[in-house]
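Next up, work-v3.txt (compact mmCIF, C-alpha atoms and all ligand atoms):
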# COMPACT_ATOMS: atom_id res chain seq x y z
CA MET A 1331 37.78 17.00 -40.04
CA ASP A 1332 41.13 17.75 -41.67
CA LEU A 1333 43.61 16.16 -39.32
CA SER A 1334 43.61 13.54 -36.57
CA ILE A 1335 46.51 13.04 -34.23
CA VAL A 1336 46.71 9.63 -32.59
CA SER A 1337 48.93 9.16 -29.58
CA PRO A 1338 49.10 6.05 -27.38
CA VAL A 1339 49.60 6.72 -23.70
CA TYR A 1340 50.95 4.26 -21.19
CA ASN A 1341 51.82 5.78 -17.85
CA GLU A 1342 53.02 9.04 -19.36
CA GLY A 1343 51.68 11.32 -16.63
CA GLU A 1344 52.59 14.96 -17.22
CA ASN A 1345 54.09 14.20 -20.64
CA VAL A 1346 50.66 14.28 -22.25
CA LYS A 1347 50.16 17.83 -21.02
CA ARG A 1348 53.44 18.89 -22.57
CA LEU A 1349 52.60 17.09 -25.79
CA TYR A 1350 49.23 18.82 -25.92
CA ALA A 1351 50.86 22.21 -25.48
CA GLY A 1352 53.43 21.42 -28.17
CA LEU A 1353 50.72 20.25 -30.55
CA MET A 1354 48.69 23.41 -30.03
CA GLU A 1355 51.67 25.56 -30.89
CA VAL A 1356 51.98 23.80 -34.22
CA LEU A 1357 48.36 23.09 -35.10
CA LEU A 1358 46.60 26.34 -34.22
CA PRO A 1359 48.49 28.52 -36.76
CA LEU A 1360 47.60 26.06 -39.50
CA GLY A 1361 43.94 27.09 -39.28
CA ILE A 1362 42.63 23.60 -39.98
CA SER A 1363 40.11 21.50 -38.10
CA PHE A 1364 41.73 18.78 -36.04
CA GLU A 1365 41.25 16.28 -33.24
CA ILE A 1366 43.78 14.78 -30.87
CA VAL A 1367 42.93 11.19 -30.03
CA PHE A 1368 44.80 9.92 -26.99
CA VAL A 1369 44.60 6.19 -26.47
CA ASP A 1370 45.02 5.33 -22.82
CA ASP A 1371 46.55 1.86 -22.97
CA GLY A 1372 45.57 0.80 -19.46
CA SER A 1373 47.77 3.32 -17.65
CA GLN A 1374 48.09 2.79 -13.93
CA ASP A 1375 49.22 6.32 -13.15
CA GLU A 1376 47.30 9.58 -13.34
CA SER A 1377 47.51 9.76 -17.18
CA LEU A 1378 43.78 9.21 -17.68
CA LYS A 1379 42.89 11.85 -15.13
CA ILE A 1380 45.15 14.37 -16.83
CA LEU A 1381 43.71 13.47 -20.22
CA LYS A 1382 40.16 13.96 -18.95
CA LYS A 1383 41.10 17.38 -17.66
CA LEU A 1384 42.57 18.26 -21.06
CA HIS A 1385 39.34 17.13 -22.68
CA ASP A 1386 37.28 19.29 -20.31
CA GLU A 1387 39.34 22.31 -21.31
CA ASP A 1388 39.43 21.50 -25.01
CA PRO A 1389 36.86 19.19 -26.64
CA ARG A 1390 39.25 18.61 -29.55
CA VAL A 1391 41.07 16.30 -27.18
CA LYS A 1392 39.39 12.91 -27.35
CA ILE A 1393 40.14 9.81 -25.33
CA VAL A 1394 39.87 6.13 -26.06
CA SER A 1395 40.54 4.37 -22.80
CA LEU A 1396 41.28 0.66 -23.17
CA SER A 1397 40.22 -1.84 -20.54
CA ARG A 1398 43.83 -2.90 -19.83
CA ASN A 1399 47.31 -2.65 -21.31
CA PHE A 1400 47.09 -4.13 -24.79
CA GLY A 1401 50.47 -2.96 -26.09
CA LEU A 1402 51.55 -0.25 -28.46
CA GLN A 1403 50.44 -1.74 -31.76
CA VAL A 1404 46.94 -2.51 -30.53
CA ALA A 1405 46.68 0.90 -28.88
CA LEU A 1406 47.63 2.51 -32.18
CA SER A 1407 45.01 0.43 -33.97
CA ALA A 1408 42.35 1.45 -31.45
CA GLY A 1409 43.32 5.07 -32.08
CA LEU A 1410 43.21 4.72 -35.85
CA ASP A 1411 39.75 3.10 -35.59
CA ALA A 1412 38.45 6.15 -33.77
CA THR A 1413 39.78 8.83 -36.10
CA GLN A 1414 37.85 10.85 -38.66
CA GLY A 1415 40.46 13.13 -40.17
CA LYS A 1416 41.37 13.26 -43.85
CA ILE A 1417 44.91 12.71 -42.69
CA VAL A 1418 46.02 10.88 -39.58
CA ILE A 1419 49.32 11.30 -37.76
CA THR A 1420 50.44 8.75 -35.18
CA MET A 1421 53.04 9.80 -32.65
CA ASP A 1422 54.38 8.75 -29.25
CA SER A 1423 53.18 10.66 -26.23
CA ASP A 1424 56.54 10.70 -24.45
CA LEU A 1425 57.76 13.77 -26.38
CA GLN A 1426 60.22 11.73 -28.43
CA ASP A 1427 58.21 12.57 -31.55
CA GLU A 1428 58.28 16.32 -31.74
CA PRO A 1429 55.21 18.20 -32.97
CA SER A 1430 57.37 20.49 -35.14
CA TYR A 1431 57.82 17.59 -37.59
CA ILE A 1432 54.09 17.59 -38.29
CA LEU A 1433 54.51 20.49 -40.71
CA LYS A 1434 57.13 18.55 -42.68
CA LEU A 1435 54.90 15.49 -42.79
CA ILE A 1436 51.97 17.51 -44.09
CA GLU A 1437 54.18 19.19 -46.70
CA LYS A 1438 55.06 15.80 -48.15
CA TRP A 1439 51.41 14.75 -48.08
CA LYS A 1440 50.60 17.85 -50.12
CA GLU A 1441 53.14 16.67 -52.66
CA GLY A 1442 50.98 13.60 -53.13
CA TYR A 1443 52.44 11.03 -50.75
CA GLU A 1444 49.91 8.88 -48.91
CA CYS A 1445 52.25 7.74 -46.19
CA VAL A 1446 55.05 9.87 -44.80
CA TYR A 1447 57.16 8.53 -41.95
CA ALA A 1448 59.95 9.91 -39.87
CA ILE A 1449 63.26 8.15 -40.29
CA ARG A 1450 65.32 8.13 -37.14
CA GLN A 1451 68.79 9.41 -37.89
CA LYS A 1452 70.33 9.32 -34.48
CA ARG A 1453 69.16 7.40 -31.48
CA HIS A 1454 69.76 8.43 -27.94
CA GLU A 1455 69.49 4.89 -26.69
CA THR A 1456 71.75 2.40 -25.01
CA PHE A 1457 74.19 0.55 -27.23
CA LEU A 1458 72.29 -2.71 -26.89
CA ARG A 1459 68.92 -1.23 -27.83
CA THR A 1460 70.42 0.57 -30.83
CA PHE A 1461 72.09 -2.65 -31.91
CA PHE A 1462 68.82 -4.56 -31.75
CA PHE A 1463 66.91 -1.83 -33.56
CA GLU A 1464 69.45 -1.69 -36.39
CA SER A 1465 69.64 -5.48 -36.69
CA PHE A 1466 65.89 -5.86 -36.67
CA TYR A 1467 65.35 -3.87 -39.86
CA LYS A 1468 68.09 -5.80 -41.62
CA VAL A 1469 66.72 -9.18 -40.57
CA PHE A 1470 63.14 -8.17 -41.34
CA ASN A 1471 63.90 -6.90 -44.81
CA TYR A 1472 66.02 -9.93 -45.55
CA LEU A 1473 63.22 -12.29 -44.59
CA SER A 1474 60.12 -10.44 -45.67
CA GLU A 1475 58.74 -9.83 -49.13
CA VAL A 1476 57.21 -6.58 -47.97
CA LYS A 1477 60.13 -4.25 -47.32
CA ILE A 1478 60.00 -1.61 -44.65
CA PRO A 1479 62.25 1.42 -44.70
CA ALA A 1480 65.00 1.10 -42.10
CA ASN A 1481 64.49 3.12 -38.93
CA ALA A 1482 61.03 4.31 -39.92
CA GLY A 1483 59.05 4.08 -36.72
CA ASP A 1484 55.44 4.61 -35.82
CA PHE A 1485 55.71 8.40 -36.14
CA CYS A 1486 54.00 8.87 -39.48
CA LEU A 1487 51.30 10.53 -41.47
CA MET A 1488 48.75 8.39 -43.25
CA ASP A 1489 46.14 9.39 -45.75
CA ARG A 1490 42.56 8.41 -44.92
CA LYS A 1491 42.74 5.81 -47.70
CA ILE A 1492 45.57 4.00 -45.92
CA VAL A 1493 43.87 4.17 -42.54
CA ASP A 1494 40.66 2.74 -44.01
CA ALA A 1495 42.66 -0.03 -45.62
CA LEU A 1496 44.39 -0.84 -42.33
CA LYS A 1497 41.01 -1.05 -40.65
CA LEU A 1498 40.02 -3.80 -43.08
CA LEU A 1499 42.88 -6.02 -41.95
CA PRO A 1500 41.51 -8.29 -39.24
CA GLU A 1501 44.76 -9.74 -37.93
CA ARG A 1502 45.40 -9.69 -34.22
CA LYS A 1503 49.17 -9.60 -34.29
CA ARG A 1504 49.53 -6.18 -35.76
CA PHE A 1505 52.80 -4.76 -36.94
CA ILE A 1506 51.66 -1.46 -38.35
CA ARG A 1507 55.01 -0.51 -39.89
CA GLY A 1508 54.74 -3.61 -42.06
CA LEU A 1509 51.01 -3.45 -42.64
CA ARG A 1510 51.08 0.09 -44.01
CA MET A 1511 53.65 -1.06 -46.58
CA TRP A 1512 51.70 -4.22 -47.31
CA VAL A 1513 48.62 -2.16 -48.12
CA GLY A 1514 50.67 -0.40 -50.75
CA CYS A 1515 50.97 3.35 -50.84
CA ARG A 1516 53.00 6.16 -52.26
CA HIS A 1517 55.39 6.62 -49.42
CA THR A 1518 58.39 8.65 -48.43
CA GLY A 1519 60.37 9.50 -45.33
CA ILE A 1520 61.72 12.59 -43.67
CA PRO A 1521 64.81 12.54 -41.46
CA GLN A 1522 64.16 12.87 -37.76
CA ASP A 1523 66.69 13.52 -35.03
CA ARG A 1524 64.93 11.74 -32.22
CA PRO A 1525 65.51 13.34 -28.83
CA ALA A 1526 66.16 11.21 -25.79
CA ARG A 1527 63.24 10.12 -23.68
CA PRO A 1528 62.53 12.72 -20.96
CA LYS A 1529 64.63 11.88 -17.91
CA GLU A 1530 61.78 11.15 -15.54
CA THR A 1531 60.08 8.90 -18.09
CA SER A 1532 60.81 5.21 -18.02
CA ILE A 1533 61.01 2.94 -21.03
CA LYS A 1534 57.55 1.53 -21.74
CA GLN A 1535 58.63 -0.69 -24.56
CA GLY A 1536 61.08 -2.83 -22.62
CA PHE A 1537 63.07 -5.61 -24.23
CA LYS A 1538 60.26 -8.11 -23.76
CA LYS A 1539 57.72 -5.95 -25.57
CA LEU A 1540 60.24 -5.02 -28.27
CA PHE A 1541 61.10 -8.65 -28.91
CA ASN A 1542 57.44 -9.60 -29.03
CA MET A 1543 56.85 -6.84 -31.55
CA GLY A 1544 59.86 -7.93 -33.60
CA PHE A 1545 58.73 -11.56 -33.59
CA ASP A 1546 55.23 -10.54 -34.61
CA GLY A 1547 56.73 -8.52 -37.43
CA VAL A 1548 58.91 -11.30 -38.76
CA PHE A 1549 56.47 -14.17 -38.33
CA SER A 1550 53.51 -12.35 -39.81
CA PHE A 1551 55.44 -11.17 -42.84
CA SER A 1552 57.71 -14.08 -43.65
CA TYR A 1553 57.59 -17.82 -44.24
CA VAL A 1554 61.36 -18.02 -44.55
CA PRO A 1555 61.89 -19.43 -41.02
CA LEU A 1556 59.61 -22.35 -41.95
CA ARG A 1557 61.32 -22.91 -45.28
CA LEU A 1558 64.65 -22.95 -43.52
CA ALA A 1559 63.57 -26.27 -42.03
CA ILE A 1560 63.24 -27.69 -45.54
CA VAL A 1561 66.68 -26.45 -46.50
CA MET A 1562 68.23 -27.82 -43.32
CA GLY A 1563 66.37 -31.09 -43.86
CA ILE A 1564 67.66 -31.49 -47.40
CA LEU A 1565 71.23 -30.63 -46.40
CA SER A 1566 71.30 -33.03 -43.48
CA SER A 1567 69.69 -35.79 -45.61
CA ILE A 1568 72.43 -35.44 -48.20
CA PHE A 1569 75.05 -35.47 -45.46
CA GLY A 1570 73.41 -38.49 -43.82
CA PHE A 1571 73.20 -40.38 -47.10
CA ILE A 1572 76.87 -39.92 -47.91
CA LEU A 1573 77.93 -40.78 -44.39
CA GLY A 1574 75.64 -43.84 -44.51
CA LEU A 1575 77.28 -45.09 -47.68
CA LYS A 1576 80.70 -44.71 -46.09
CA VAL A 1577 79.70 -46.56 -42.94
CA LEU A 1578 78.03 -49.38 -44.88
CA TYR A 1579 81.06 -49.73 -47.09
CA GLU A 1580 83.34 -49.98 -44.08
CA LYS A 1581 81.09 -52.53 -42.41
CA PHE A 1582 80.79 -54.92 -45.35
CA PHE A 1583 84.00 -54.45 -47.28
CA THR A 1584 86.66 -53.69 -44.69
CA THR A 1585 87.67 -55.12 -41.37
CA LYS A 1586 87.99 -51.67 -39.79
CA PRO A 1587 86.12 -51.72 -36.47
CA ILE A 1588 83.35 -49.15 -36.33
CA VAL A 1589 84.02 -46.68 -33.54
CA GLY A 1590 82.10 -43.56 -32.97
CA TRP A 1591 80.61 -42.81 -29.59
CA THR A 1592 81.81 -39.23 -29.80
CA SER A 1593 80.59 -38.57 -33.29
CA LEU A 1594 77.29 -40.21 -32.39
CA MET A 1595 76.77 -37.98 -29.37
CA VAL A 1596 77.73 -34.85 -31.26
CA THR A 1597 75.37 -35.71 -34.08
CA ILE A 1598 72.50 -36.50 -31.74
CA ILE A 1599 72.93 -33.32 -29.74
CA PHE A 1600 73.36 -31.18 -32.85
CA PHE A 1601 70.34 -32.52 -34.65
CA SER A 1602 68.16 -32.60 -31.52
CA GLY A 1603 68.93 -28.92 -31.19
CA ILE A 1604 67.96 -28.21 -34.75
CA ILE A 1605 64.78 -30.25 -34.46
CA LEU A 1606 63.76 -28.45 -31.29
CA LEU A 1607 64.56 -25.12 -32.89
CA PHE A 1608 62.27 -25.83 -35.80
CA LEU A 1609 59.58 -27.20 -33.50
CA GLY A 1610 59.78 -23.84 -31.76
CA ILE A 1611 59.50 -21.99 -35.06
CA ILE A 1612 56.49 -24.06 -36.06
CA GLY A 1613 55.10 -23.30 -32.61
CA GLU A 1614 55.45 -19.57 -33.25
CA TYR A 1615 53.33 -19.87 -36.37
CA LEU A 1616 50.94 -22.23 -34.63
CA CYS A 1617 50.22 -19.87 -31.76
CA ARG A 1618 49.60 -17.12 -34.24
CA ILE A 1619 47.15 -19.30 -36.15
CA TYR A 1620 45.53 -20.15 -32.82
CA ASP A 1621 45.20 -16.48 -31.96
CA GLU A 1622 43.57 -15.74 -35.29
CA THR A 1623 41.11 -18.63 -35.06
CA LYS A 1624 40.01 -17.59 -31.59
CA ALA A 1625 38.99 -14.37 -33.34
CA ARG A 1626 38.82 -12.36 -30.15
CA PRO A 1627 38.23 -8.65 -30.60
CA LEU A 1628 41.48 -6.76 -30.83
CA TYR A 1629 40.79 -4.66 -27.74
CA PHE A 1630 38.07 -3.56 -25.36
CA VAL A 1631 37.25 0.06 -24.80
CA LYS A 1632 36.52 0.99 -21.21
CA GLU A 1633 35.55 4.53 -21.95
CA LYS A 1634 35.34 6.72 -25.02
CA ILE A 1635 35.32 10.40 -24.35
CA GLY A 1636 34.63 13.23 -26.75
CA PHE A 1637 33.34 11.28 -29.74
N1 LIG A 1701 52.98 2.63 -25.14
C1 LIG A 1701 51.70 2.10 -25.07
N2 LIG A 1701 51.52 0.83 -24.59
C2 LIG A 1701 52.56 0.06 -24.18
C3 LIG A 1701 53.87 0.58 -24.30
C4 LIG A 1701 54.04 1.86 -24.79
O1 LIG A 1701 50.74 2.78 -25.43
O2 LIG A 1701 52.33 -1.07 -23.75
C5 LIG A 1701 53.19 4.00 -25.66
C6 LIG A 1701 54.01 4.92 -24.77
O3 LIG A 1701 53.22 5.63 -23.87
C7 LIG A 1701 54.68 5.83 -25.78
C8 LIG A 1701 54.81 4.96 -27.01
O4 LIG A 1701 53.92 3.87 -26.84
O5 LIG A 1701 53.86 6.93 -26.11
C9 LIG A 1701 56.22 4.45 -27.23
O6 LIG A 1701 56.73 3.82 -26.08
P1 LIG A 1701 58.26 3.96 -25.69
O7 LIG A 1701 58.61 5.38 -25.58
O8 LIG A 1701 58.56 3.10 -24.51
O9 LIG A 1701 58.94 3.29 -26.96
P2 LIG A 1701 60.14 3.84 -27.85
O10 LIG A 1701 60.15 5.33 -27.81
O11 LIG A 1701 61.36 3.24 -27.26
O12 LIG A 1701 59.85 3.31 -29.22
MG MG A 1702 59.54 6.73 -26.58

Could you write out this file's structure as structure tokens?
Ligand code: UDP
Ligand code: MG
Amino acid sequence: MDLSIVSPVYNEGENVKRLYAGLMEVLLPLGISFEIVFVDDGSQDESLKILKKLHDEDPRVKIVSLSRNFGLQVALSAGLDATQGKIVITMDSDLQDEPSYILKLIEKWKEGYECVYAIRQKRHETFLRTFFFESFYKVFNYLSEVKIPANAGDFCLMDRKIVDALKLLPERKRFIRGLRMWVGCRHTGIPQDRPARPKETSIKQGFKKLFNMGFDGVFSFSYVPLRLAIVMGILSSIFGFILGLKVLYEKFFTTKPIVGWTSLMVTIIFFSGIILLFLGIIGEYLCRIYDETKARPLYFVKEKIGF
């Protein structure tokens, strides 16, 4: 098998049909052997039915149907696990990742790159979403030792070597954009002008899912939030020590009455806030440790078709 396409599907309905048609237009002239692995991430609409029909018409279409909605990163992982191709391309099924880019990705692979990703130049998104996307990459790269290229999404080509390496990583909170860089590969990007989501298609990665993904990314690639507690602790200790000296001096060596209800309240509220914040941060790491120790399988497959 030369090429595997992996595409996660969550309530995409007719979009998968259009994606299939688009893929055929690009892949057939290449004259290579390929498979298209759709991962049905617990869709509640007719996506699975449409996928099954596609498979009946063309056995190169394969389906991994998950037992429920596990989220994009897990769906991608399930897809990668099922592939056999020498190269693997992951792309969204909502037509925002256009099949025509596949040729450009493969070209770069031929030049010797093991990981080629599309870099989003323009986004047709709301202001708020764009703002969060842009900020995320900045924050992530500031905090993490493993750097990820800004605006490089999940639309990418990976060499078999990279996919096999990813499969060895057992972690449950998967942030593939980071993991593929962590593995280490010769990588490059190609510019992509990402079209808007088709009108009748709703956003599947809402703010909640995006934030979860962002948190997973940051907390599984950086210890900086934890270390921040040490820095804050040292700073406030120094501050407290100096203030303590001043107060003690005033108490024993002057007759100035000690007032300070206001400053006391402000200090208590301020530091309670900081303590709670860091408890929360520790909690974020703790729940991730908990998840890993439970060692549950990453996903359950309800049905595997065409393998
Ligand atoms: N998706 C998925 N599971 C989910 C959410 C999304 O498999 O829980 C799929 C979805 O069908 C689409 C891709 O992931 O193919 C990207 O989703 P979306 O278009 O909402 O994200 P965005 O384009 O904003 O990154
Ligand atoms: Mg999309």

Kindly compile the residues surrounding ligand LIG 1701 (chain A) within 10 Å, counting all atoms listed in the file, and format them as a VMD selection string.
-> chain A and resid 1337 to 1343 1345 to 1346 1368 to 1373 1377 1396 1398 to 1406 1420 to 1427 1453 to 1455 1459 1463 1483 to 1485 1524 to 1528 1531 to 1537 1539 to 1540

Emit the selected residues as a compact mmCIF listing (two decimals), keeping the file's coordinate frame, including C-alpha atoms.
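Okay, this is what ended up in again-v8.txt:
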# COMPACT_ATOMS: atom_id res chain seq x y z
CA SER A 1337 48.93 9.16 -29.58
CA PRO A 1338 49.10 6.05 -27.38
CA VAL A 1339 49.60 6.72 -23.70
CA TYR A 1340 50.95 4.26 -21.19
CA ASN A 1341 51.82 5.78 -17.85
CA GLU A 1342 53.02 9.04 -19.36
CA GLY A 1343 51.68 11.32 -16.63
CA ASN A 1345 54.09 14.20 -20.64
CA VAL A 1346 50.66 14.28 -22.25
CA PHE A 1368 44.80 9.92 -26.99
CA VAL A 1369 44.60 6.19 -26.47
CA ASP A 1370 45.02 5.33 -22.82
CA ASP A 1371 46.55 1.86 -22.97
CA GLY A 1372 45.57 0.80 -19.46
CA SER A 1373 47.77 3.32 -17.65
CA SER A 1377 47.51 9.76 -17.18
CA LEU A 1396 41.28 0.66 -23.17
CA ARG A 1398 43.83 -2.90 -19.83
CA ASN A 1399 47.31 -2.65 -21.31
CA PHE A 1400 47.09 -4.13 -24.79
CA GLY A 1401 50.47 -2.96 -26.09
CA LEU A 1402 51.55 -0.25 -28.46
CA GLN A 1403 50.44 -1.74 -31.76
CA VAL A 1404 46.94 -2.51 -30.53
CA ALA A 1405 46.68 0.90 -28.88
CA LEU A 1406 47.63 2.51 -32.18
CA THR A 1420 50.44 8.75 -35.18
CA MET A 1421 53.04 9.80 -32.65
CA ASP A 1422 54.38 8.75 -29.25
CA SER A 1423 53.18 10.66 -26.23
CA ASP A 1424 56.54 10.70 -24.45
CA LEU A 1425 57.76 13.77 -26.38
CA GLN A 1426 60.22 11.73 -28.43
CA ASP A 1427 58.21 12.57 -31.55
CA ARG A 1453 69.16 7.40 -31.48
CA HIS A 1454 69.76 8.43 -27.94
CA GLU A 1455 69.49 4.89 -26.69
CA ARG A 1459 68.92 -1.23 -27.83
CA PHE A 1463 66.91 -1.83 -33.56
CA GLY A 1483 59.05 4.08 -36.72
CA ASP A 1484 55.44 4.61 -35.82
CA PHE A 1485 55.71 8.40 -36.14
CA ARG A 1524 64.93 11.74 -32.22
CA PRO A 1525 65.51 13.34 -28.83
CA ALA A 1526 66.16 11.21 -25.79
CA ARG A 1527 63.24 10.12 -23.68
CA PRO A 1528 62.53 12.72 -20.96
CA THR A 1531 60.08 8.90 -18.09
CA SER A 1532 60.81 5.21 -18.02
CA ILE A 1533 61.01 2.94 -21.03
CA LYS A 1534 57.55 1.53 -21.74
CA GLN A 1535 58.63 -0.69 -24.56
CA GLY A 1536 61.08 -2.83 -22.62
CA PHE A 1537 63.07 -5.61 -24.23
CA LYS A 1539 57.72 -5.95 -25.57
CA LEU A 1540 60.24 -5.02 -28.27

So which residues fall inside 12 Å of (46.6, 11.4, -37.4) if we count all atoms listed in the file? Mind giving them as a ChimeraX atom specification?
-> /A:1331-1338,1353,1364-1368,1406-1407,1409-1422,1429,1432,1435-1436,1445-1447,1484-1490,1492-1493

Would you mind exporting the chosen residues as an mmCIF file, in the coordinates of the input, restricted to C-alpha atoms?
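New file part_7.cif:
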data_model
loop_
_atom_site.group_PDB
_atom_site.id
_atom_site.type_symbol
_atom_site.label_atom_id
_atom_site.label_comp_id
_atom_site.auth_asym_id
_atom_site.auth_seq_id
_atom_site.Cartn_x
_atom_site.Cartn_y
_atom_site.Cartn_z
ATOM 1 C CA MET A 1331 37.780 17.000 -40.040
ATOM 2 C CA ASP A 1332 41.130 17.750 -41.670
ATOM 3 C CA LEU A 1333 43.610 16.160 -39.320
ATOM 4 C CA SER A 1334 43.610 13.540 -36.570
ATOM 5 C CA ILE A 1335 46.510 13.040 -34.230
ATOM 6 C CA VAL A 1336 46.710 9.630 -32.590
ATOM 7 C CA SER A 1337 48.930 9.160 -29.580
ATOM 8 C CA PRO A 1338 49.100 6.050 -27.380
ATOM 9 C CA LEU A 1353 50.720 20.250 -30.550
ATOM 10 C CA PHE A 1364 41.730 18.780 -36.040
ATOM 11 C CA GLU A 1365 41.250 16.280 -33.240
ATOM 12 C CA ILE A 1366 43.780 14.780 -30.870
ATOM 13 C CA VAL A 1367 42.930 11.190 -30.030
ATOM 14 C CA PHE A 1368 44.800 9.920 -26.990
ATOM 15 C CA LEU A 1406 47.630 2.510 -32.180
ATOM 16 C CA SER A 1407 45.010 0.430 -33.970
ATOM 17 C CA GLY A 1409 43.320 5.070 -32.080
ATOM 18 C CA LEU A 1410 43.210 4.720 -35.850
ATOM 19 C CA ASP A 1411 39.750 3.100 -35.590
ATOM 20 C CA ALA A 1412 38.450 6.150 -33.770
ATOM 21 C CA THR A 1413 39.780 8.830 -36.100
ATOM 22 C CA GLN A 1414 37.850 10.850 -38.660
ATOM 23 C CA GLY A 1415 40.460 13.130 -40.170
ATOM 24 C CA LYS A 1416 41.370 13.260 -43.850
ATOM 25 C CA ILE A 1417 44.910 12.710 -42.690
ATOM 26 C CA VAL A 1418 46.020 10.880 -39.580
ATOM 27 C CA ILE A 1419 49.320 11.300 -37.760
ATOM 28 C CA THR A 1420 50.440 8.750 -35.180
ATOM 29 C CA MET A 1421 53.040 9.800 -32.650
ATOM 30 C CA ASP A 1422 54.380 8.750 -29.250
ATOM 31 C CA PRO A 1429 55.210 18.200 -32.970
ATOM 32 C CA ILE A 1432 54.090 17.590 -38.290
ATOM 33 C CA LEU A 1435 54.900 15.490 -42.790
ATOM 34 C CA ILE A 1436 51.970 17.510 -44.090
ATOM 35 C CA CYS A 1445 52.250 7.740 -46.190
ATOM 36 C CA VAL A 1446 55.050 9.870 -44.800
ATOM 37 C CA TYR A 1447 57.160 8.530 -41.950
ATOM 38 C CA ASP A 1484 55.440 4.610 -35.820
ATOM 39 C CA PHE A 1485 55.710 8.400 -36.140
ATOM 40 C CA CYS A 1486 54.000 8.870 -39.480
ATOM 41 C CA LEU A 1487 51.300 10.530 -41.470
ATOM 42 C CA MET A 1488 48.750 8.390 -43.250
ATOM 43 C CA ASP A 1489 46.140 9.390 -45.750
ATOM 44 C CA ARG A 1490 42.560 8.410 -44.920
ATOM 45 C CA ILE A 1492 45.570 4.000 -45.920
ATOM 46 C CA VAL A 1493 43.870 4.170 -42.540
#

Expressed in Å to a single decimal, how great is the separation between CA of Asn1471 in chain A and atom MG of ligand MG 1702 (chain A)?
->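 So the two atoms, CA of Asn1471 in chain A and atom MG of ligand MG 1702 (chain A), lie 23.2 Å apart.
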
Selected residue, from A:Lys1347, A:Lys1581, A:Lys1529, A:Lys1586, that lies nearest to ligand MG 1702 (chain A) when counting only C-alpha atoms and all ligand atoms |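 Comparing A:Lys1347, A:Lys1581, A:Lys1529, A:Lys1586 against ligand MG 1702 (chain A), the winner is A:Lys1529.
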
Shortest interatomic distance to Leu1609 in chain A - which of A:Lys1434, A:Pro1555, A:Lys1379, A:Val1589, counting all atoms listed in the file =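 Among the listed residues, A:Pro1555 lies closest to Leu1609 in chain A.
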
In the coordinates of the file, take the point (39.6, -12.6, -34.8) and a cut-off of 12 Å; then, counting all atoms listed in the file, name each qualifying protein, DNA or RNA residue as a PDB file with C-alpha atoms, in the frame of the given file.
ATOM      1  CA  LEU A1499      42.880  -6.020 -41.950  1.00  0.00           C
ATOM      2  CA  PRO A1500      41.510  -8.290 -39.240  1.00  0.00           C
ATOM      3  CA  GLU A1501      44.760  -9.740 -37.930  1.00  0.00           C
ATOM      4  CA  ARG A1502      45.400  -9.690 -34.220  1.00  0.00           C
ATOM      5  CA  LYS A1503      49.170  -9.600 -34.290  1.00  0.00           C
ATOM      6  CA  ARG A1504      49.530  -6.180 -35.760  1.00  0.00           C
ATOM      7  CA  ARG A1618      49.600 -17.120 -34.240  1.00  0.00           C
ATOM      8  CA  ILE A1619      47.150 -19.300 -36.150  1.00  0.00           C
ATOM      9  CA  TYR A1620      45.530 -20.150 -32.820  1.00  0.00           C
ATOM     10  CA  ASP A1621      45.200 -16.480 -31.960  1.00  0.00           C
ATOM     11  CA  GLU A1622      43.570 -15.740 -35.290  1.00  0.00           C
ATOM     12  CA  THR A1623      41.110 -18.630 -35.060  1.00  0.00           C
ATOM     13  CA  LYS A1624      40.010 -17.590 -31.590  1.00  0.00           C
ATOM     14  CA  ALA A1625      38.990 -14.370 -33.340  1.00  0.00           C
ATOM     15  CA  ARG A1626      38.820 -12.360 -30.150  1.00  0.00           C
ATOM     16  CA  PRO A1627      38.230  -8.650 -30.600  1.00  0.00           C
ATOM     17  CA  LEU A1628      41.480  -6.760 -30.830  1.00  0.00           C
ATOM     18  CA  TYR A1629      40.790  -4.660 -27.740  1.00  0.00           C
TER      19      TYR A1629
END

Using CA of Leu1509 in chain A and CA of Lys1634 in chain A as the two end points, give the distance in Å to one decimal.
-> 25.7 Å

May I ask for the distance between CA of Val1469 in chain A and CA of Gln1451 in chain A, given in Å to one decimal place?
->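 CA of Gln1451 in chain A lies at a distance of 18.9 Å from CA of Val1469 in chain A.
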
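Proximity of A:Ile1568, A:Asn1542, A:Val1476, A:Leu1496 to Met1511 in chain A, computed with all atoms listed in the file, is greatest for A:Val1476.
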
Top pick for closest residue to Ala1482 in chain A, considering A:Arg1450, A:Lys1438, A:Arg1348, A:Arg1390 and counting only C-alpha atoms = A:Arg1450

Show which residues sit within 8 Å of Glu1464 in chain A, as a PyMOL selection string. Count only C-alpha atoms, and ignore same-chain residues fewer than 4 positions away.
-> chain A and resi 1460+1468+1480-1481

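Shortest atom-to-atom contact with Phe1541 in chain A among A:Leu1458, A:Lys1477, A:Phe1466, A:Phe1630: A:Phe1466, counting all atoms listed in the file.
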
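Nearest to Leu1573 in chain A of all the residues A:Asp1375, A:Ala1448, A:Thr1597, A:Tyr1350 is A:Thr1597, counting only C-alpha atoms.
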
May I have the residues within 10 Å of Tyr1615 in chain A as a list in words, using only C-alpha atoms and disregarding those fewer than 6 positions away in the same chain?
->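 Those residues are Asp1546, Phe1549, Ser1550, Tyr1553, Pro1555, Leu1556 and Asp1621 of chain A.
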